[in-house]
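Chemist: Contents of upload-v2.cif (mmCIF, C-alpha atoms):
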data_structure
loop_
_atom_site.group_PDB
_atom_site.id
_atom_site.type_symbol
_atom_site.label_atom_id
_atom_site.label_comp_id
_atom_site.auth_asym_id
_atom_site.auth_seq_id
_atom_site.Cartn_x
_atom_site.Cartn_y
_atom_site.Cartn_z
ATOM 1 C CA MET Y 27 -4.837 -15.166 7.245
ATOM 2 C CA ALA Y 28 -2.067 -17.694 6.689
ATOM 3 C CA SER Y 29 -1.477 -16.380 3.192
ATOM 4 C CA LEU Y 30 -0.722 -12.963 4.618
ATOM 5 C CA PHE Y 31 1.190 -13.690 7.783
ATOM 6 C CA ALA Y 32 3.294 -16.647 6.701
ATOM 7 C CA GLY Y 33 4.913 -17.783 3.491
ATOM 8 C CA ALA Y 34 7.545 -20.044 2.007
ATOM 9 C CA GLY Y 35 10.615 -18.962 0.072
ATOM 10 C CA GLY Y 36 10.819 -18.623 -3.686
ATOM 11 C CA ASN Y 37 11.697 -16.131 -6.332
ATOM 12 C CA PRO Y 38 11.304 -12.537 -5.185
ATOM 13 C CA HIS Y 39 8.044 -10.915 -6.250
ATOM 14 C CA LEU Y 40 7.784 -7.633 -4.403
ATOM 15 C CA ASP Y 41 4.133 -6.898 -4.858
ATOM 16 C CA LYS Y 42 0.787 -7.382 -3.166
ATOM 17 C CA SER Y 43 -1.893 -9.918 -3.898
ATOM 18 C CA ASP Y 44 -4.501 -8.776 -1.399
ATOM 19 C CA LEU Y 45 -6.555 -5.874 -0.125
ATOM 20 C CA ILE Y 46 -7.199 -5.359 3.592
ATOM 21 C CA GLY Y 47 -10.122 -3.515 5.167
ATOM 22 C CA LEU Y 48 -10.323 -2.248 8.745
ATOM 23 C CA ASP Y 49 -13.983 -1.936 9.661
ATOM 24 C CA THR Y 50 -15.677 0.484 12.033
ATOM 25 C CA HIS Y 51 -15.397 -2.020 14.903
ATOM 26 C CA GLY Y 52 -11.645 -2.517 14.482
ATOM 27 C CA THR Y 53 -11.850 -5.924 12.805
ATOM 28 C CA LEU Y 54 -9.569 -6.750 9.885
ATOM 29 C CA TYR Y 55 -10.743 -8.512 6.727
ATOM 30 C CA TYR Y 56 -8.855 -9.390 3.582
ATOM 31 C CA TYR Y 57 -9.679 -9.978 -0.054
ATOM 32 C CA TYR Y 58 -7.304 -11.779 -2.384
ATOM 33 C CA VAL Y 59 -7.091 -10.860 -6.053
ATOM 34 C CA GLN Y 60 -8.398 -13.370 -8.588
ATOM 35 C CA ASN Y 61 -6.267 -12.226 -11.551
ATOM 36 C CA ASN Y 62 -9.370 -11.318 -13.551
ATOM 37 C CA GLY Y 63 -10.011 -7.825 -12.217
ATOM 38 C CA GLN Y 64 -12.158 -9.103 -9.362
ATOM 39 C CA LEU Y 65 -11.643 -9.667 -5.654
ATOM 40 C CA SER Y 66 -12.558 -12.732 -3.623
ATOM 41 C CA THR Y 67 -15.236 -12.719 -0.963
ATOM 42 C CA ARG Y 68 -13.865 -11.267 2.226
ATOM 43 C CA GLN Y 69 -12.172 -13.371 4.866
ATOM 44 C CA LYS Y 70 -11.735 -12.441 8.489
ATOM 45 C CA MET Y 71 -8.140 -12.057 9.645
ATOM 46 C CA SER Y 72 -8.386 -10.775 13.234
ATOM 47 C CA ALA Y 73 -10.460 -11.143 16.361
ATOM 48 C CA ASP Y 74 -13.538 -8.922 16.564
ATOM 49 C CA GLY Y 75 -12.299 -5.434 17.366
ATOM 50 C CA GLY Y 76 -8.741 -6.703 17.620
ATOM 51 C CA PHE Y 77 -7.308 -3.660 15.862
ATOM 52 C CA ALA Y 78 -9.653 -0.950 17.142
ATOM 53 C CA GLY Y 79 -7.797 2.356 17.058
ATOM 54 C CA ALA Y 80 -4.734 0.764 15.491
ATOM 55 C CA ARG Y 81 -2.555 2.554 12.983
ATOM 56 C CA LEU Y 82 -1.778 0.054 10.242
ATOM 57 C CA PHE Y 83 -0.293 -0.051 6.775
ATOM 58 C CA PHE Y 84 0.062 -2.897 4.310
ATOM 59 C CA ALA Y 85 3.397 -2.932 2.494
ATOM 60 C CA SER Y 86 4.252 -4.707 -0.723
ATOM 61 C CA SER Y 87 6.183 -7.887 -0.031
ATOM 62 C CA LEU Y 88 9.414 -7.317 1.848
ATOM 63 C CA ASP Y 89 10.717 -10.886 1.541
ATOM 64 C CA LYS Y 90 10.421 -13.708 -1.004
ATOM 65 C CA ASN Y 91 6.897 -14.952 -0.285
ATOM 66 C CA ASP Y 92 5.206 -12.478 -2.717
ATOM 67 C CA ARG Y 93 2.646 -11.477 -0.073
ATOM 68 C CA GLY Y 94 2.256 -8.080 1.535
ATOM 69 C CA ASP Y 95 3.396 -7.399 5.087
ATOM 70 C CA VAL Y 96 1.042 -5.862 7.666
ATOM 71 C CA PHE Y 97 2.731 -3.213 9.800
ATOM 72 C CA GLN Y 98 1.523 -1.399 12.888
ATOM 73 C CA ILE Y 99 2.809 1.794 14.433
ATOM 74 C CA HIS Y 100 2.205 1.520 18.173
ATOM 75 C CA GLN Y 101 3.520 3.952 20.767
ATOM 76 C CA GLY Y 102 6.032 5.158 18.194
ATOM 77 C CA GLY Y 103 7.388 1.704 17.418
ATOM 78 C CA LEU Y 104 7.164 -0.030 14.041
ATOM 79 C CA TYR Y 105 6.029 -3.669 14.155
ATOM 80 C CA ASN Y 106 5.750 -6.267 11.389
ATOM 81 C CA HIS Y 107 2.838 -8.636 12.017
ATOM 82 C CA GLU Y 108 3.954 -11.108 9.368
ATOM 83 C CA HIS Y 109 7.199 -11.858 11.204
ATOM 84 C CA ARG Y 110 6.932 -13.166 14.749
ATOM 85 C CA THR Y 111 9.372 -13.149 17.642
ATOM 86 C CA ASP Y 112 10.110 -16.124 19.902
ATOM 87 C CA SER Y 113 7.425 -14.836 22.263
ATOM 88 C CA GLY Y 114 4.876 -14.910 19.446
ATOM 89 C CA GLY Y 115 4.508 -11.164 19.090
ATOM 90 C CA PRO Y 116 5.155 -9.104 15.967
ATOM 91 C CA ALA Y 117 8.744 -8.233 15.087
ATOM 92 C CA PHE Y 118 9.889 -4.803 16.301
ATOM 93 C CA LEU Y 119 11.786 -2.746 13.715
ATOM 94 C CA GLY Y 120 12.541 0.382 15.711
ATOM 95 C CA PRO Y 121 11.189 3.502 17.464
ATOM 96 C CA GLY Y 122 10.315 6.996 16.269
ATOM 97 C CA TRP Y 123 7.741 6.181 13.607
ATOM 98 C CA ASP Y 124 5.002 8.259 15.215
ATOM 99 C CA SER Y 125 6.728 11.306 13.685
ATOM 100 C CA TYR Y 126 5.370 10.232 10.300
ATOM 101 C CA PRO Y 127 1.686 10.868 9.496
ATOM 102 C CA THR Y 128 2.052 8.801 6.302
ATOM 103 C CA VAL Y 129 3.926 5.509 5.912
ATOM 104 C CA PHE Y 130 3.543 2.979 3.094
ATOM 105 C CA GLY Y 131 5.481 0.325 1.223
ATOM 106 C CA PRO Y 132 5.068 0.454 -2.571
ATOM 107 C CA GLY Y 133 7.769 -2.106 -3.387
ATOM 108 C CA ASP Y 134 11.412 -2.063 -4.450
ATOM 109 C CA LEU Y 135 12.298 1.574 -5.057
ATOM 110 C CA ASP Y 136 16.090 1.301 -5.263
ATOM 111 C CA ASN Y 137 16.063 -1.737 -7.585
ATOM 112 C CA ASP Y 138 18.124 -3.971 -5.290
ATOM 113 C CA GLY Y 139 15.546 -6.764 -5.120
ATOM 114 C CA ARG Y 140 14.292 -5.779 -1.667
ATOM 115 C CA GLY Y 141 11.044 -4.087 -0.722
ATOM 116 C CA ASP Y 142 11.317 -0.587 0.745
ATOM 117 C CA ARG Y 143 9.165 1.847 2.710
ATOM 118 C CA LEU Y 144 8.315 5.515 2.270
ATOM 119 C CA ALA Y 145 7.525 7.895 5.119
ATOM 120 C CA ARG Y 146 6.299 11.493 4.976
ATOM 121 C CA ASP Y 147 6.793 13.732 7.999
ATOM 122 C CA ALA Y 148 4.476 16.476 9.237
ATOM 123 C CA GLY Y 149 6.404 19.105 7.286
ATOM 124 C CA GLY Y 150 5.915 17.267 3.989
ATOM 125 C CA THR Y 151 9.402 15.806 3.579
ATOM 126 C CA LEU Y 152 9.436 12.313 2.096
ATOM 127 C CA TYR Y 153 12.021 9.704 3.124
ATOM 128 C CA LEU Y 154 12.927 6.293 1.739
ATOM 129 C CA TYR Y 155 13.791 3.488 4.159
ATOM 130 C CA PRO Y 156 15.563 0.637 2.320
ATOM 131 C CA GLY Y 157 14.428 -2.870 3.220
ATOM 132 C CA ASP Y 158 16.634 -5.739 4.350
ATOM 133 C CA GLY Y 159 14.977 -8.347 2.145
ATOM 134 C CA ALA Y 160 13.360 -10.081 5.098
ATOM 135 C CA GLY Y 161 11.140 -7.494 6.778
ATOM 136 C CA TYR Y 162 12.940 -7.449 10.131
ATOM 137 C CA ARG Y 163 14.717 -4.115 9.841
ATOM 138 C CA VAL Y 164 15.148 -1.015 7.700
ATOM 139 C CA GLY Y 165 18.242 0.848 6.587
ATOM 140 C CA GLY Y 166 19.025 4.463 7.347
ATOM 141 C CA ARG Y 167 16.559 6.885 5.874
ATOM 142 C CA ILE Y 168 17.285 8.669 2.600
ATOM 143 C CA ARG Y 169 15.728 12.067 1.968
ATOM 144 C CA VAL Y 170 13.637 12.053 -1.208
ATOM 145 C CA GLY Y 171 12.494 15.663 -1.069
ATOM 146 C CA ALA Y 172 10.174 18.299 0.364
ATOM 147 C CA GLY Y 173 6.728 19.498 -0.676
ATOM 148 C CA TRP Y 174 4.931 16.175 -0.463
ATOM 149 C CA ASN Y 175 2.313 17.685 1.867
ATOM 150 C CA ALA Y 176 0.742 19.019 -1.346
ATOM 151 C CA TYR Y 177 -0.954 15.612 -1.531
ATOM 152 C CA ASN Y 178 -3.699 14.115 0.611
ATOM 153 C CA ALA Y 179 -3.145 10.589 -0.696
ATOM 154 C CA LEU Y 180 -0.006 8.672 -1.616
ATOM 155 C CA VAL Y 181 -0.393 5.062 -2.759
ATOM 156 C CA GLY Y 182 1.385 2.464 -4.808
ATOM 157 C CA ALA Y 183 2.132 -1.249 -5.016
ATOM 158 C CA GLY Y 184 4.369 -2.257 -7.873
ATOM 159 C CA ASP Y 185 4.892 -1.223 -11.478
ATOM 160 C CA LEU Y 186 2.277 0.969 -13.161
ATOM 161 C CA THR Y 187 4.172 1.813 -16.323
ATOM 162 C CA GLY Y 188 5.369 -1.620 -17.423
ATOM 163 C CA ASP Y 189 9.093 -0.836 -17.225
ATOM 164 C CA GLY Y 190 9.773 -3.111 -14.254
ATOM 165 C CA LEU Y 191 10.301 -0.299 -11.742
ATOM 166 C CA THR Y 192 8.120 0.623 -8.771
ATOM 167 C CA ASP Y 193 5.838 3.647 -9.170
ATOM 168 C CA ILE Y 194 3.398 5.572 -6.988
ATOM 169 C CA VAL Y 195 0.492 7.960 -7.518
ATOM 170 C CA ALA Y 196 -0.329 11.078 -5.516
ATOM 171 C CA ARG Y 197 -3.595 13.015 -5.232
ATOM 172 C CA THR Y 198 -4.038 16.689 -4.413
ATOM 173 C CA PRO Y 199 -6.933 17.931 -2.238
ATOM 174 C CA GLY Y 200 -8.347 19.443 -5.433
ATOM 175 C CA GLY Y 201 -8.601 15.997 -6.985
ATOM 176 C CA THR Y 202 -5.716 15.926 -9.459
ATOM 177 C CA LEU Y 203 -3.865 12.615 -9.649
ATOM 178 C CA TYR Y 204 -0.171 12.482 -10.493
ATOM 179 C CA LEU Y 205 2.035 9.593 -11.492
ATOM 180 C CA TYR Y 206 5.524 9.415 -10.012
ATOM 181 C CA ALA Y 207 7.287 6.850 -12.178
ATOM 182 C CA GLY Y 208 10.173 5.021 -10.561
ATOM 183 C CA THR Y 209 13.832 5.392 -11.488
ATOM 184 C CA GLY Y 210 15.353 2.528 -9.462
ATOM 185 C CA THR Y 211 17.725 4.979 -7.729
ATOM 186 C CA ALA Y 212 17.487 5.398 -3.958
ATOM 187 C CA THR Y 213 18.568 9.037 -3.807
ATOM 188 C CA ALA Y 214 16.146 10.104 -6.562
ATOM 189 C CA PRO Y 215 13.539 7.340 -6.776
ATOM 190 C CA PHE Y 216 10.990 9.183 -8.941
ATOM 191 C CA LYS Y 217 10.817 10.964 -12.252
ATOM 192 C CA PRO Y 218 9.000 14.332 -12.447
ATOM 193 C CA PRO Y 219 5.260 13.994 -11.853
ATOM 194 C CA VAL Y 220 2.854 13.376 -14.730
ATOM 195 C CA ASN Y 221 -0.721 14.675 -14.528
ATOM 196 C CA LEU Y 222 -3.193 11.767 -14.848
ATOM 197 C CA GLY Y 223 -6.337 13.857 -14.666
ATOM 198 C CA SER Y 224 -8.770 15.530 -12.310
ATOM 199 C CA GLY Y 225 -11.879 14.490 -10.426
ATOM 200 C CA TRP Y 226 -10.196 12.024 -8.105
ATOM 201 C CA ASN Y 227 -11.519 13.873 -5.048
ATOM 202 C CA ALA Y 228 -14.802 12.063 -5.777
ATOM 203 C CA TYR Y 229 -13.240 9.190 -3.848
ATOM 204 C CA GLN Y 230 -12.904 8.928 -0.117
ATOM 205 C CA ARG Y 231 -10.164 6.328 -0.330
ATOM 206 C CA LEU Y 232 -7.616 5.108 -2.837
ATOM 207 C CA ALA Y 233 -5.977 1.708 -2.417
ATOM 208 C CA ALA Y 234 -3.162 -0.079 -4.220
ATOM 209 C CA PRO Y 235 -3.691 -3.857 -4.162
ATOM 210 C CA GLY Y 236 -1.026 -4.645 -6.763
ATOM 211 C CA ASP Y 237 -1.919 -6.466 -9.967
ATOM 212 C CA ILE Y 238 -5.577 -7.567 -9.893
ATOM 213 C CA ASP Y 239 -6.047 -8.659 -13.521
ATOM 214 C CA GLY Y 240 -2.950 -10.802 -14.006
ATOM 215 C CA ASP Y 241 -1.190 -8.703 -16.655
ATOM 216 C CA GLY Y 242 1.854 -7.998 -14.488
ATOM 217 C CA ARG Y 243 1.079 -4.315 -13.957
ATOM 218 C CA ALA Y 244 -0.148 -2.599 -10.808
ATOM 219 C CA ASP Y 245 -3.747 -1.389 -10.614
ATOM 220 C CA LEU Y 246 -5.751 0.984 -8.438
ATOM 221 C CA LEU Y 247 -8.982 0.759 -6.445
ATOM 222 C CA ALA Y 248 -11.160 3.614 -5.208
ATOM 223 C CA THR Y 249 -14.244 3.947 -3.002
ATOM 224 C CA ASP Y 250 -16.730 6.803 -2.985
ATOM 225 C CA ALA Y 251 -18.962 8.184 -0.229
ATOM 226 C CA ARG Y 252 -21.748 5.730 -1.109
ATOM 227 C CA GLY Y 253 -19.394 2.829 -0.534
ATOM 228 C CA ASP Y 254 -19.122 1.828 -4.194
ATOM 229 C CA LEU Y 255 -15.818 0.227 -5.180
ATOM 230 C CA TYR Y 256 -14.231 0.951 -8.564
ATOM 231 C CA ARG Y 257 -11.225 -0.556 -10.254
ATOM 232 C CA TYR Y 258 -8.788 1.288 -12.473
ATOM 233 C CA LEU Y 259 -6.631 -1.130 -14.451
ATOM 234 C CA SER Y 260 -3.180 -0.036 -15.594
ATOM 235 C CA ASP Y 261 -2.952 0.669 -19.311
ATOM 236 C CA GLY Y 262 0.794 0.005 -19.363
ATOM 237 C CA THR Y 263 1.833 3.628 -19.862
ATOM 238 C CA GLY Y 264 1.245 4.860 -16.317
ATOM 239 C CA GLY Y 265 -2.408 5.701 -16.902
ATOM 240 C CA PHE Y 266 -5.572 3.739 -16.325
ATOM 241 C CA THR Y 267 -8.386 2.257 -18.363
ATOM 242 C CA PRO Y 268 -11.906 3.617 -17.694
ATOM 243 C CA ARG Y 269 -13.245 2.740 -14.274
ATOM 244 C CA VAL Y 270 -15.428 -0.301 -13.647
ATOM 245 C CA LYS Y 271 -17.616 -0.717 -10.587
ATOM 246 C CA ILE Y 272 -16.865 -4.024 -8.848
ATOM 247 C CA GLY Y 273 -18.675 -3.758 -5.518
ATOM 248 C CA ASN Y 274 -20.666 -1.798 -2.987
ATOM 249 C CA GLY Y 275 -20.960 -1.564 0.782
ATOM 250 C CA TRP Y 276 -17.320 -0.608 1.196
ATOM 251 C CA ASN Y 277 -18.159 2.299 3.500
ATOM 252 C CA THR Y 278 -18.165 -0.257 6.293
ATOM 253 C CA TYR Y 279 -14.385 0.242 6.316
ATOM 254 C CA THR Y 280 -12.576 3.133 7.962
ATOM 255 C CA GLY Y 281 -9.394 2.179 6.158
ATOM 256 C CA LEU Y 282 -8.309 0.248 3.066
ATOM 257 C CA LEU Y 283 -4.745 -1.015 3.045
#
Hey, can you dump this file as structure tokens for me?

Modeler:
Amino acid sequence: MASLFAGAGGNPHLDKSDLIGLDTHGTLYYYYVQNNGQLSTRQKMSADGGFAGARLFFASSLDKNDRGDVFQIHQGGLYNHEHRTDSGGPAFLGPGWDSYPTVFGPGDLDNDGRGDRLARDAGGTLYLYPGDGAGYRVGGRIRVGAGWNAYNALVGAGDLTGDGLTDIVARTPGGTLYLYAGTGTATAPFKPPVNLGSGWNAYQRLAAPGDIDGDGRADLLATDARGDLYRYLSDGTGGFTPRVKIGNGWNTYTGLL
């Protein structure tokens, strides 16, 4: 828990190093990556049922501690659980976030050295919210574009292509996965989509834990209806190496962050 919610300064490394699961009882657990394509045994990071019914997302690092930040949207407000106020509660970043069905933080999209967030509204318009480099506030939203409701999953945490820029992937309900390679420009943060293949609707959940094999490139995890966990390692071109099963029993989680 300390590795996620507190950290010392250092060189910026806007990525993740962990995977978080919210189980059916509302308890949070985390797994840290071992840099060999495997995850650690799980560790409990909340009281039993402490996040029952909560709406959470796990953003790539927004400050210099190279650990992801856990956010909660509660009664429309956006809260950062890594940063605490004087009263001990999570830092409040602002209201109005309940208007977004999808919010995530893939990393530094505008190439300014600060982690950013993406938010998709109910009509399918995607917005970029620039980060402040500390995780306490966001800049004014920048419209990325419309039509993003064509996808039922949007995930990303770092660089998939090996060019040093943040990328994301998007899945259609029909199971086609697309790569959106980063440009480093806030007003047009992605290149045109590249088709990575079909069949991805075999998975109930996709998760972006960052780099899990230590090669400096972002990887992908996926769970199927049986609860089997598969890893897809980045091949350095924006695609993935063949899947490898690395666990089972993951259907105990209602969400992977």

Chemist: If you measure from CA of Phe130 (chain Y) to CA of Lys217 (chain Y), what distance in Å do you get, rounded to one decimal?

Modeler: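 Going from CA of Phe130 (chain Y) over to CA of Lys217 (chain Y), I get 18.8 Å.
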
Chemist: For a quick check of understanding, using only C-alpha atoms, which of Y:Ala117, Y:Val129, Y:Ile46, Y:Leu282 has the smallest distance to Thr67 (chain Y)?

Modeler: Y:Ile46

Chemist: Hey, which of Y:His100, Y:Arg163, Y:Arg252, Y:Arg269 ends up closest to Phe83 (chain Y)? Count only C-alpha atoms.

Modeler: Y:His100

Chemist: Using the chain letters and numbering of this document, enumerate as a PDB file with C-alpha atoms, in the frame of the given file the residues selected by the PyMOL selection byres ((chain Y and resi 145) around 6).

Modeler:
ATOM      1  CA  THR Y 128       2.052   8.801   6.302  1.00  0.00           C
ATOM      2  CA  VAL Y 129       3.926   5.509   5.912  1.00  0.00           C
ATOM      3  CA  LEU Y 144       8.315   5.515   2.270  1.00  0.00           C
ATOM      4  CA  ARG Y 146       6.299  11.493   4.976  1.00  0.00           C
ATOM      5  CA  LEU Y 152       9.436  12.313   2.096  1.00  0.00           C
ATOM      6  CA  TYR Y 153      12.021   9.704   3.124  1.00  0.00           C
TER       7      TYR Y 153
END

Chemist: With only C-alpha atoms as the atoms that count, which of Y:Gly173, Y:Gly236, Y:Gly157, Y:Gly76 lies nearest to Leu259 (chain Y)?

Modeler: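 Among the listed residues, Y:Gly236 lies closest to Leu259 (chain Y).
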
Chemist: Do you know which residues the PyMOL selection byres ((chain Y and resi 134) around 8) returns on this file, as a list in words?

Modeler: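 So the PyMOL selection byres ((chain Y and resi 134) around 8), applied here, picks out Leu40, Pro132, Gly133, Leu135, Asp136, Asn137, Asp138, Gly139, Arg140, Gly141, Asp142, Gly184, Leu191, Thr192 and Gly210 of chain Y.
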
Chemist: How big is the axis-aligned box around all listed atoms of region 58-67 of chain Y once 4 Å goes on each side, and where's its centre, in Å to one decimal, as AutoDock Vina command-line options?

Modeler:
--center_x -10.8 --center_y -10.6 --center_z -7.3 --size_x 17.0 --size_y 13.5 --size_z 20.6

Chemist: Taking the file above as input, evaluate the PyMOL selection byres ((chain Y and resi 44) around 6) and report the hits as a list in words.

Modeler: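 This file gives the following for the PyMOL selection byres ((chain Y and resi 44) around 6): Lys42, Ser43, Leu45, Tyr57, Tyr58, Val59 and Pro235 of chain Y.
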
Chemist: Would you compute the distance between CA of Leu283 (chain Y) and CA of Ala85 (chain Y)? Give it in Å to one decimal.

Modeler: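 About the pair CA of Leu283 (chain Y) and CA of Ala85 (chain Y): they are 8.4 Å apart.
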
Chemist: For Thr280 (chain Y), which of Y:Ala179, Y:Leu104, Y:Leu119, Y:Ala251 is the closest residue, counting all atoms listed in the file?

Modeler: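 So, comparing all the options, the nearest one is Y:Ala251.
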
Chemist: Please, which residues are within 10 Å of (-11.4, -7.1, 9.8) by the file's coordinates, counting only C-alpha atoms, and could they come as a PyMOL selection string?

Modeler: chain Y and resi 46-56+68-78+279

Chemist: So that I can check the surroundings of Gly102 (chain Y), please list as a PyMOL selection string every protein, DNA and RNA residue that reaches within 6 Å of it, counting all atoms listed in the file and ignoring chain neighbours fewer than 4 positions away.

Modeler: chain Y and resi 121-124

Chemist: Work out how far apart CA of Val195 (chain Y) and CA of Gly182 (chain Y) are and give it in Å to one decimal.

Modeler: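 Between these atoms lies a distance of 6.2 Å.
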
Chemist: With all atoms listed in the file as the counted atoms, please give the residues lying no more than 9 Å from Gly188 (chain Y), apart from itself and same-chain residues fewer than 4 positions off, as a list in words.

Modeler: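 Returned residues: Gly242, Arg243, Ala244, Ser260, Asp261, Gly262, Thr263 and Gly264 of chain Y.
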
Chemist: Restricting the calculation to only C-alpha atoms, which member of Y:Ala196, Y:Ala183, Y:Leu222, Y:Ala172 is positioned closest to Thr151 (chain Y)?

Modeler: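 Among the listed residues, the smallest separation from Thr151 (chain Y) belongs to Y:Ala172.
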
Chemist: Taking only C-alpha atoms into account, name the residue in Y:Ala234, Y:Leu246, Y:Val220, Y:Ala148 that is nearest to Pro268 (chain Y).

Modeler: Y:Leu246
